[in-house]
$ cat entry-v9.cif   # mmCIF, C-alpha atoms and all ligand atoms
data_query
loop_
_atom_site.group_PDB
_atom_site.id
_atom_site.type_symbol
_atom_site.label_atom_id
_atom_site.label_comp_id
_atom_site.auth_asym_id
_atom_site.auth_seq_id
_atom_site.Cartn_x
_atom_site.Cartn_y
_atom_site.Cartn_z
ATOM 1 C CA MET A 1 55.536 94.249 82.114
ATOM 2 C CA GLU A 2 52.905 95.591 84.430
ATOM 3 C CA ALA A 3 52.395 95.726 88.196
ATOM 4 C CA HIS A 4 49.852 97.093 90.633
ATOM 5 C CA GLY A 5 51.040 100.283 92.327
ATOM 6 C CA LYS A 6 49.972 101.510 95.758
ATOM 7 C CA THR A 7 46.992 103.239 94.160
ATOM 8 C CA GLY A 8 45.750 99.929 92.817
ATOM 9 C CA ARG A 9 46.307 101.118 89.264
ATOM 10 C CA ILE A 10 48.236 99.074 86.780
ATOM 11 C CA GLU A 11 51.608 100.702 86.209
ATOM 12 C CA LYS A 12 54.069 100.022 83.436
ATOM 13 C CA LEU A 13 57.408 98.584 84.396
ATOM 14 C CA GLY A 14 60.548 98.899 82.352
ATOM 15 C CA ALA A 15 63.268 101.397 81.725
ATOM 16 C CA MET A 16 61.962 104.805 82.661
ATOM 17 C CA GLU A 17 63.912 107.932 81.844
ATOM 18 C CA LEU A 18 64.054 109.333 85.366
ATOM 19 C CA GLN A 19 63.986 106.170 87.455
ATOM 20 C CA ASP A 20 64.628 107.027 91.138
ATOM 21 C CA GLN A 21 65.661 110.581 90.388
ATOM 22 C CA VAL A 22 64.435 113.118 92.922
ATOM 23 C CA VAL A 23 62.595 116.196 91.662
ATOM 24 C CA PHE A 24 61.692 119.106 93.941
ATOM 25 C CA ILE A 25 59.015 121.357 92.499
ATOM 26 C CA THR A 26 57.745 124.526 94.145
ATOM 27 C CA GLY A 27 54.051 125.282 93.817
ATOM 28 C CA GLY A 28 53.691 121.623 92.943
ATOM 29 C CA ALA A 29 49.964 121.448 93.703
ATOM 30 C CA GLY A 30 49.093 124.297 91.333
ATOM 31 C CA GLY A 31 47.775 123.999 87.796
ATOM 32 C CA LEU A 32 51.066 123.590 85.968
ATOM 33 C CA GLY A 33 52.763 122.040 89.013
ATOM 34 C CA GLN A 34 50.384 119.089 89.179
ATOM 35 C CA ALA A 35 50.803 118.330 85.481
ATOM 36 C CA MET A 36 54.589 118.382 85.824
ATOM 37 C CA CYS A 37 54.455 116.123 88.889
ATOM 38 C CA ARG A 38 52.362 113.584 86.986
ATOM 39 C CA LYS A 39 54.630 113.685 83.948
ATOM 40 C CA PHE A 40 57.868 113.255 85.933
ATOM 41 C CA ALA A 41 56.397 110.578 88.220
ATOM 42 C CA ALA A 42 55.304 108.613 85.150
ATOM 43 C CA GLU A 43 58.968 108.479 84.157
ATOM 44 C CA GLY A 44 59.985 107.004 87.491
ATOM 45 C CA ALA A 45 60.976 110.155 89.379
ATOM 46 C CA ARG A 46 60.241 110.667 93.050
ATOM 47 C CA LEU A 47 58.535 114.003 93.591
ATOM 48 C CA VAL A 48 59.002 116.406 96.480
ATOM 49 C CA ILE A 49 55.877 118.504 96.076
ATOM 50 C CA GLY A 50 56.371 121.948 97.564
ATOM 51 C CA TYR A 51 53.332 123.857 98.786
ATOM 52 C CA ARG A 52 52.541 127.164 100.467
ATOM 53 C CA THR A 53 48.791 127.031 101.215
ATOM 54 C CA SER A 54 47.727 123.890 99.308
ATOM 55 C CA ALA A 55 48.835 121.284 101.847
ATOM 56 C CA ASP A 56 45.824 119.018 101.314
ATOM 57 C CA ALA A 57 46.085 119.082 97.529
ATOM 58 C CA ALA A 58 49.820 118.386 97.724
ATOM 59 C CA GLU A 59 49.297 115.440 100.108
ATOM 60 C CA ARG A 60 46.582 114.044 97.871
ATOM 61 C CA LEU A 61 48.764 114.386 94.808
ATOM 62 C CA ALA A 62 51.690 112.660 96.535
ATOM 63 C CA TYR A 63 49.391 109.729 97.239
ATOM 64 C CA GLU A 64 47.874 109.593 93.760
ATOM 65 C CA LEU A 65 51.055 109.830 91.699
ATOM 66 C CA PRO A 66 52.318 106.674 90.021
ATOM 67 C CA GLY A 67 55.395 105.099 91.509
ATOM 68 C CA SER A 68 56.528 105.584 95.086
ATOM 69 C CA GLY A 69 58.632 107.824 97.288
ATOM 70 C CA HIS A 70 56.655 111.009 96.716
ATOM 71 C CA SER A 71 56.143 113.519 99.500
ATOM 72 C CA ALA A 72 54.436 116.839 100.119
ATOM 73 C CA LYS A 73 56.559 119.431 101.911
ATOM 74 C CA GLU A 74 55.896 122.964 103.018
ATOM 75 C CA ALA A 75 58.080 125.178 100.814
ATOM 76 C CA VAL A 76 57.277 128.862 101.136
ATOM 77 C CA VAL A 77 59.745 130.444 98.773
ATOM 78 C CA GLU A 78 60.149 133.746 100.611
ATOM 79 C CA ASP A 79 61.252 131.794 103.723
ATOM 80 C CA SER A 80 64.946 131.219 103.044
ATOM 81 C CA THR A 81 65.514 129.650 106.449
ATOM 82 C CA GLY A 82 62.711 127.178 105.846
ATOM 83 C CA LEU A 83 64.125 126.329 102.420
ATOM 84 C CA ALA A 84 67.562 125.624 103.896
ATOM 85 C CA ALA A 85 65.932 123.298 106.446
ATOM 86 C CA LEU A 86 63.958 121.608 103.677
ATOM 87 C CA SER A 87 67.132 120.962 101.715
ATOM 88 C CA VAL A 88 68.593 119.197 104.768
ATOM 89 C CA GLU A 89 65.359 117.212 105.083
ATOM 90 C CA ILE A 90 65.497 116.160 101.418
ATOM 91 C CA GLU A 91 69.072 115.005 101.843
ATOM 92 C CA ALA A 92 68.196 113.015 104.960
ATOM 93 C CA GLU A 93 65.104 111.450 103.393
ATOM 94 C CA TYR A 94 66.239 110.886 99.811
ATOM 95 C CA GLY A 95 70.029 111.269 99.868
ATOM 96 C CA ARG A 96 69.970 113.160 96.577
ATOM 97 C CA LEU A 97 68.327 115.845 94.500
ATOM 98 C CA ASP A 98 68.505 115.740 90.717
ATOM 99 C CA ILE A 99 66.076 118.381 89.485
ATOM 100 C CA LEU A 100 64.716 121.602 90.969
ATOM 101 C CA ILE A 101 61.704 123.129 89.234
ATOM 102 C CA ASN A 102 61.121 126.734 90.255
ATOM 103 C CA ASN A 103 57.426 126.891 89.464
ATOM 104 C CA ALA A 104 55.914 128.939 92.321
ATOM 105 C CA GLY A 105 54.675 132.271 91.104
ATOM 106 C CA ILE A 106 52.058 134.957 91.679
ATOM 107 C CA THR A 107 50.464 137.776 89.747
ATOM 108 C CA ARG A 108 47.363 139.940 89.574
ATOM 109 C CA PHE A 109 45.844 141.564 86.526
ATOM 110 C CA VAL A 110 46.620 145.295 86.334
ATOM 111 C CA PRO A 111 46.300 147.102 82.988
ATOM 112 C CA HIS A 112 49.735 148.383 81.983
ATOM 113 C CA GLY A 113 48.513 151.968 81.712
ATOM 114 C CA ASP A 114 47.090 151.995 85.250
ATOM 115 C CA LEU A 115 50.300 152.871 87.102
ATOM 116 C CA ASP A 116 48.570 153.745 90.387
ATOM 117 C CA SER A 117 47.065 150.263 90.784
ATOM 118 C CA LEU A 118 50.489 148.653 90.514
ATOM 119 C CA ASP A 119 51.350 149.712 94.054
ATOM 120 C CA ASP A 120 54.595 149.108 95.924
ATOM 121 C CA ASP A 121 53.211 146.208 97.945
ATOM 122 C CA LEU A 122 52.149 144.310 94.838
ATOM 123 C CA ILE A 123 55.477 144.978 93.120
ATOM 124 C CA ASP A 124 57.384 143.745 96.194
ATOM 125 C CA ASP A 125 55.186 140.653 96.540
ATOM 126 C CA ILE A 126 55.710 139.715 92.899
ATOM 127 C CA PHE A 127 59.483 140.119 92.981
ATOM 128 C CA ARG A 128 59.801 138.461 96.397
ATOM 129 C CA THR A 129 58.012 135.365 95.143
ATOM 130 C CA ASN A 130 58.837 135.165 91.450
ATOM 131 C CA TRP A 131 62.497 136.197 91.519
ATOM 132 C CA ARG A 132 63.868 136.158 95.050
ATOM 133 C CA GLY A 133 61.979 132.974 95.857
ATOM 134 C CA ALA A 134 63.379 131.135 92.858
ATOM 135 C CA PHE A 135 66.888 132.305 93.660
ATOM 136 C CA ALA A 136 66.480 131.278 97.299
ATOM 137 C CA CYS A 137 65.489 127.773 96.206
ATOM 138 C CA VAL A 138 68.597 127.503 94.041
ATOM 139 C CA ARG A 139 70.761 128.760 96.897
ATOM 140 C CA ALA A 140 69.236 126.212 99.283
ATOM 141 C CA CYS A 141 69.489 123.276 96.860
ATOM 142 C CA ARG A 142 72.774 124.045 95.129
ATOM 143 C CA SER A 143 75.000 121.671 97.093
ATOM 144 C CA LEU A 144 72.554 118.778 96.724
ATOM 145 C CA LEU A 145 72.203 119.371 92.961
ATOM 146 C CA ASP A 146 75.968 119.691 92.693
ATOM 147 C CA ALA A 147 76.596 116.355 94.367
ATOM 148 C CA GLY A 148 74.774 114.199 91.828
ATOM 149 C CA ASP A 149 75.406 113.020 88.271
ATOM 150 C CA GLY A 150 74.417 116.320 86.739
ATOM 151 C CA GLY A 151 71.829 118.588 88.293
ATOM 152 C CA LEU A 152 69.129 120.512 86.476
ATOM 153 C CA ILE A 153 67.213 123.647 87.386
ATOM 154 C CA ILE A 154 64.113 124.480 85.344
ATOM 155 C CA ASN A 155 62.821 127.993 85.917
ATOM 156 C CA ILE A 156 59.176 128.308 84.936
ATOM 157 C CA SER A 157 59.247 131.741 83.389
ATOM 158 C CA SER A 158 56.763 133.216 80.896
ATOM 159 C CA ILE A 159 56.776 134.690 77.423
ATOM 160 C CA ALA A 160 55.823 137.862 79.302
ATOM 161 C CA GLY A 161 59.493 138.054 80.278
ATOM 162 C CA VAL A 162 60.438 138.534 76.630
ATOM 163 C CA THR A 163 57.395 140.222 75.099
ATOM 164 C CA ALA A 164 56.562 142.530 78.063
ATOM 165 C CA MET A 165 52.930 141.544 77.450
ATOM 166 C CA GLY A 166 51.349 139.969 80.506
ATOM 167 C CA SER A 167 49.175 140.387 83.576
ATOM 168 C CA ASN A 168 51.008 143.496 84.803
ATOM 169 C CA ILE A 169 54.288 145.331 84.252
ATOM 170 C CA ALA A 170 55.939 143.978 87.423
ATOM 171 C CA TYR A 171 55.059 140.401 86.503
ATOM 172 C CA CYS A 172 56.639 140.815 83.066
ATOM 173 C CA ALA A 173 59.746 142.323 84.669
ATOM 174 C CA SER A 174 59.960 139.542 87.277
ATOM 175 C CA LYS A 175 60.034 136.934 84.501
ATOM 176 C CA ALA A 176 62.585 138.935 82.492
ATOM 177 C CA ALA A 177 64.693 138.993 85.667
ATOM 178 C CA MET A 178 64.198 135.246 86.043
ATOM 179 C CA ASN A 179 65.508 134.752 82.493
ATOM 180 C CA SER A 180 68.535 136.849 83.338
ATOM 181 C CA MET A 181 69.079 134.723 86.446
ATOM 182 C CA THR A 182 68.863 131.593 84.292
ATOM 183 C CA MET A 183 71.731 132.845 82.147
ATOM 184 C CA SER A 184 73.874 133.991 85.093
ATOM 185 C CA LEU A 185 73.396 130.728 86.972
ATOM 186 C CA ALA A 186 73.965 128.589 83.891
ATOM 187 C CA ARG A 187 77.385 130.166 83.637
ATOM 188 C CA ALA A 188 78.094 130.110 87.366
ATOM 189 C CA LEU A 189 76.929 126.561 88.127
ATOM 190 C CA ALA A 190 78.317 124.812 85.030
ATOM 191 C CA PRO A 191 79.403 122.179 84.326
ATOM 192 C CA ARG A 192 77.693 120.280 87.173
ATOM 193 C CA ILE A 193 74.286 121.956 86.959
ATOM 194 C CA ARG A 194 72.276 123.033 83.908
ATOM 195 C CA VAL A 195 69.810 125.894 84.191
ATOM 196 C CA VAL A 196 67.013 126.472 81.688
ATOM 197 C CA SER A 197 64.010 128.830 81.540
ATOM 198 C CA LEU A 198 60.786 127.351 80.215
ATOM 199 C CA SER A 199 58.509 130.168 79.079
ATOM 200 C CA PRO A 200 54.852 129.283 78.536
ATOM 201 C CA GLY A 201 52.362 131.610 76.975
ATOM 202 C CA LEU A 202 48.968 132.006 78.603
ATOM 203 C CA ALA A 203 47.958 128.622 80.004
ATOM 204 C CA GLU A 204 44.658 127.096 81.079
ATOM 205 C CA THR A 205 44.996 127.322 84.890
ATOM 206 C CA ASP A 206 43.590 129.509 87.671
ATOM 207 C CA PHE A 207 46.744 131.636 87.681
ATOM 208 C CA VAL A 208 45.187 134.819 86.296
ATOM 209 C CA SER A 209 41.738 135.453 87.740
ATOM 210 C CA GLY A 210 39.115 138.101 87.148
ATOM 211 C CA LEU A 211 39.076 138.036 83.349
ATOM 212 C CA ASP A 212 35.932 137.194 81.393
ATOM 213 C CA GLN A 213 35.535 134.411 78.867
ATOM 214 C CA ALA A 214 35.592 136.833 75.914
ATOM 215 C CA TRP A 215 39.123 137.886 76.910
ATOM 216 C CA TRP A 216 40.324 134.269 77.074
ATOM 217 C CA ASP A 217 38.687 133.513 73.716
ATOM 218 C CA GLU A 218 40.403 136.500 72.124
ATOM 219 C CA GLN A 219 43.793 135.376 73.430
ATOM 220 C CA SER A 220 43.187 131.944 72.003
ATOM 221 C CA GLU A 221 42.127 133.328 68.603
ATOM 222 C CA ARG A 222 45.184 135.577 68.441
ATOM 223 C CA THR A 223 47.468 132.569 68.890
ATOM 224 C CA PRO A 224 48.527 131.069 65.551
ATOM 225 C CA LEU A 225 47.837 127.558 66.890
ATOM 226 C CA GLN A 226 44.328 128.761 67.912
ATOM 227 C CA ARG A 227 44.483 127.618 71.513
ATOM 228 C CA LEU A 228 46.173 128.390 74.811
ATOM 229 C CA ALA A 229 48.847 126.260 76.428
ATOM 230 C CA ARG A 230 47.588 123.239 78.332
ATOM 231 C CA PRO A 231 49.280 122.142 81.557
ATOM 232 C CA GLU A 232 50.261 118.934 79.726
ATOM 233 C CA ASP A 233 52.117 121.007 77.112
ATOM 234 C CA VAL A 234 54.202 122.604 79.837
ATOM 235 C CA ALA A 235 54.797 119.279 81.576
ATOM 236 C CA GLY A 236 55.894 117.651 78.321
ATOM 237 C CA ALA A 237 58.317 120.478 77.604
ATOM 238 C CA ALA A 238 59.780 120.326 81.121
ATOM 239 C CA LEU A 239 60.288 116.578 80.738
ATOM 240 C CA ALA A 240 61.960 117.130 77.369
ATOM 241 C CA ILE A 241 64.432 119.539 78.989
ATOM 242 C CA ALA A 242 65.282 116.856 81.543
ATOM 243 C CA THR A 243 65.548 113.980 79.103
ATOM 244 C CA ASN A 244 66.136 115.026 75.484
ATOM 245 C CA LEU A 245 67.572 118.534 75.582
ATOM 246 C CA LYS A 246 70.610 117.600 77.611
ATOM 247 C CA PHE A 247 72.932 120.009 75.836
ATOM 248 C CA SER A 248 70.596 122.971 76.397
ATOM 249 C CA ASN A 249 71.859 125.320 79.069
ATOM 250 C CA GLY A 250 71.266 128.964 79.942
ATOM 251 C CA CYS A 251 68.535 129.282 77.331
ATOM 252 C CA ILE A 252 64.947 130.468 77.355
ATOM 253 C CA ILE A 253 62.629 127.988 75.696
ATOM 254 C CA PRO A 254 59.318 129.443 74.507
ATOM 255 C CA LEU A 255 56.101 127.429 74.634
ATOM 256 C CA ASP A 256 53.527 129.811 73.282
ATOM 257 C CA GLY A 257 51.885 128.491 70.125
ATOM 258 C CA GLY A 258 53.471 131.387 68.230
ATOM 259 C CA ARG A 259 51.499 134.023 70.164
ATOM 260 C CA PRO A 260 54.213 136.747 69.943
ATOM 261 C CA LEU A 261 53.999 136.604 66.119
ATOM 262 C CA THR A 262 50.586 138.284 65.961
HETATM 263 N N1 LIG B 1 49.030 129.958 83.852
HETATM 264 C C1 LIG B 1 49.631 130.752 82.999
HETATM 265 O O1 LIG B 1 49.002 131.380 82.123
HETATM 266 C C2 LIG B 1 51.141 130.892 83.037
HETATM 267 C C3 LIG B 1 51.791 131.342 81.893
HETATM 268 C C4 LIG B 1 53.175 131.481 81.942
HETATM 269 C C5 LIG B 1 53.857 131.183 83.088
HETATM 270 N N2 LIG B 1 53.199 130.754 84.186
HETATM 271 C C6 LIG B 1 53.964 130.477 85.388
HETATM 272 O O2 LIG B 1 53.738 129.157 85.787
HETATM 273 C C7 LIG B 1 53.924 129.020 87.182
HETATM 274 C C8 LIG B 1 52.759 128.204 87.766
HETATM 275 O O3 LIG B 1 51.547 128.858 87.504
HETATM 276 P P1 LIG B 1 50.127 128.124 87.441
HETATM 277 O O4 LIG B 1 49.493 128.531 86.181
HETATM 278 O O5 LIG B 1 50.276 126.687 87.742
HETATM 279 O O6 LIG B 1 49.382 128.892 88.614
HETATM 280 P P2 LIG B 1 48.728 128.367 89.991
HETATM 281 O O7 LIG B 1 47.835 127.228 89.727
HETATM 282 O O8 LIG B 1 48.170 129.593 90.631
HETATM 283 O O9 LIG B 1 49.971 127.852 90.811
HETATM 284 C C9 LIG B 1 50.877 128.733 91.410
HETATM 285 C C10 LIG B 1 51.575 127.987 92.522
HETATM 286 O O10 LIG B 1 52.553 128.854 93.116
HETATM 287 C C11 LIG B 1 52.550 128.574 94.496
HETATM 288 N N3 LIG B 1 53.027 129.742 95.253
HETATM 289 C C12 LIG B 1 52.626 131.025 95.132
HETATM 290 N N4 LIG B 1 53.302 131.792 95.998
HETATM 291 C C13 LIG B 1 54.144 130.963 96.673
HETATM 292 C C14 LIG B 1 55.101 131.152 97.692
HETATM 293 N N5 LIG B 1 55.344 132.360 98.214
HETATM 294 N N6 LIG B 1 55.798 130.073 98.136
HETATM 295 C C15 LIG B 1 55.580 128.863 97.606
HETATM 296 N N7 LIG B 1 54.665 128.614 96.652
HETATM 297 C C16 LIG B 1 53.964 129.652 96.192
HETATM 298 C C17 LIG B 1 51.132 128.239 94.881
HETATM 299 O O11 LIG B 1 51.194 127.370 95.995
HETATM 300 P P3 LIG B 1 49.956 127.127 97.003
HETATM 301 O O12 LIG B 1 48.783 126.753 96.148
HETATM 302 O O13 LIG B 1 50.445 126.021 97.881
HETATM 303 O O14 LIG B 1 49.730 128.403 97.755
HETATM 304 C C18 LIG B 1 50.616 127.545 93.616
HETATM 305 O O15 LIG B 1 50.710 126.155 93.727
HETATM 306 C C19 LIG B 1 54.044 130.444 87.727
HETATM 307 O O16 LIG B 1 55.387 130.730 88.017
HETATM 308 C C20 LIG B 1 53.572 131.315 86.575
HETATM 309 O O17 LIG B 1 54.214 132.571 86.563
HETATM 310 C C21 LIG B 1 51.838 130.591 84.187
#
$ encode --input "entry-v9.cif" --output "structure tokens"
Amino acid sequence: MEAHGKTGRIEKLGAMELQDQVVFITGGAGGLGQAMCRKFAAEGARLVIGYRTSADAAERLAYELPGSGHSAKEAVVEDSTGLAALSVEIEAEYGRLDILINNAGITRFVPHGDLDSLDDDLIDDIFRTNWRGAFACVRACRSLLDAGDGGLIINISSIAGVTAMGSNIAYCASKAAMNSMTMSLARALAPRIRVVSLSPGLAETDFVSGLDQAWWDEQSERTPLQRLARPEDVAGAALAIATNLKFSNGCIIPLDGGRPLT
């Protein structure tokens, strides 16, 4: 069956895996965030698209997504008070929260041998956003996730958290710490809430800037599958965690084309 959605597009009707479920994603208007929003919305979920600076892009995305009930919300992950208020807002507006995707993250390229350029401010910024911010979102959303039929937290980590190869040493450490948090929370929040790290390799987004094309090409060639991750790869894997991998908990799922093998 088909029907016209609010965008005028023809949308498929029928049993969708995540019909009416509510998914809150931080950094939802970013490169990987947008792809995940599209993938989950296509399965019937209602997306709460968290943004920090990309309000316009988040609003636009909320309008464009298939289905209905999507919204763009300010969600600055270092603002724990704001996150607590947002959780109350989600409960009032939607009455439920099924999935939290901790996707917001920052980095900057600093060669690992250049210790002086990895200054204290950058280290603090990275940990405040990538680790503390993700934890703060869990803390704010825990009771809502706990109240449903089985909550899920997907932490968007990185293979850098396991290989210690990545944009800078602090970034790698922040993702290793996120993986540790995944395991701690999976134990602490079970059996009502599952927690899984999804760890992409280098992906085709604007996340890491300032590197020339030759560097990107080399990374692609060094990957056994001869390409970098696409946002759709990450979105498909996140959806699989929500729908097919229902007995996976506290684990770190790599999505890297085999890059650590070379
Ligand atoms: N791209 C890669 O190669 C790669 C590989 C492995 C893992 N990852 C991880 O994937 C995630 C998404 O990255 P991406 O590639 O999609 O990069 P991106 O396009 O730069 O998106 C990053 C998002 O994080 C949000 N953000 C940053 N600081 C925030 C804060 N303090 N509060 C709330 N939101 C904040 C940004 O929101 P605004 O735009 O609203 O400011 C942006 O939407 C990150 O956690 C990253 O570590 C990326």
$ residues_near_ligand --input "entry-v9.cif" --ligand "ligand LIG 1 (chain B)" --cutoff "7 Å" --atoms "only C-alpha atoms and all ligand atoms" --output "number ranges by chain"
A: 26-33, 50-55, 75-78, 103-106, 129-130, 156-159, 199-208
$ closest_residue --input "entry-v9.cif" --among "A:Met16, A:Ile99, A:Ala240, A:Ile123" --to "Asn168 of chain A" --atoms "all atoms listed in the file"
A:Ile123
$ atom_distance --input "entry-v9.cif" --atom1 "atom CA of Lys175 of chain A" --atom2 "atom CA of Gly133 of chain A"
12.2 Å
$ residues_around --input "entry-v9.cif" --residues "Asp79 of chain A" --least-positions-apart "6" --cutoff "12 Å" --atoms "only C-alpha atoms" --output "PyMOL selection string"
chain A and resi 52+85-86+128-129+132-137+140
$ atom_distance --input "entry-v9.cif" --atom1 "atom CA of Asp256 of chain A" --atom2 "atom CA of Leu118 of chain A"
25.7 Å
$ closest_residue --input "entry-v9.cif" --among "A:Glu221, A:Glu232, A:Pro191, A:Met183" --to "Cys251 of chain A" --atoms "only C-alpha atoms"
A:Met183
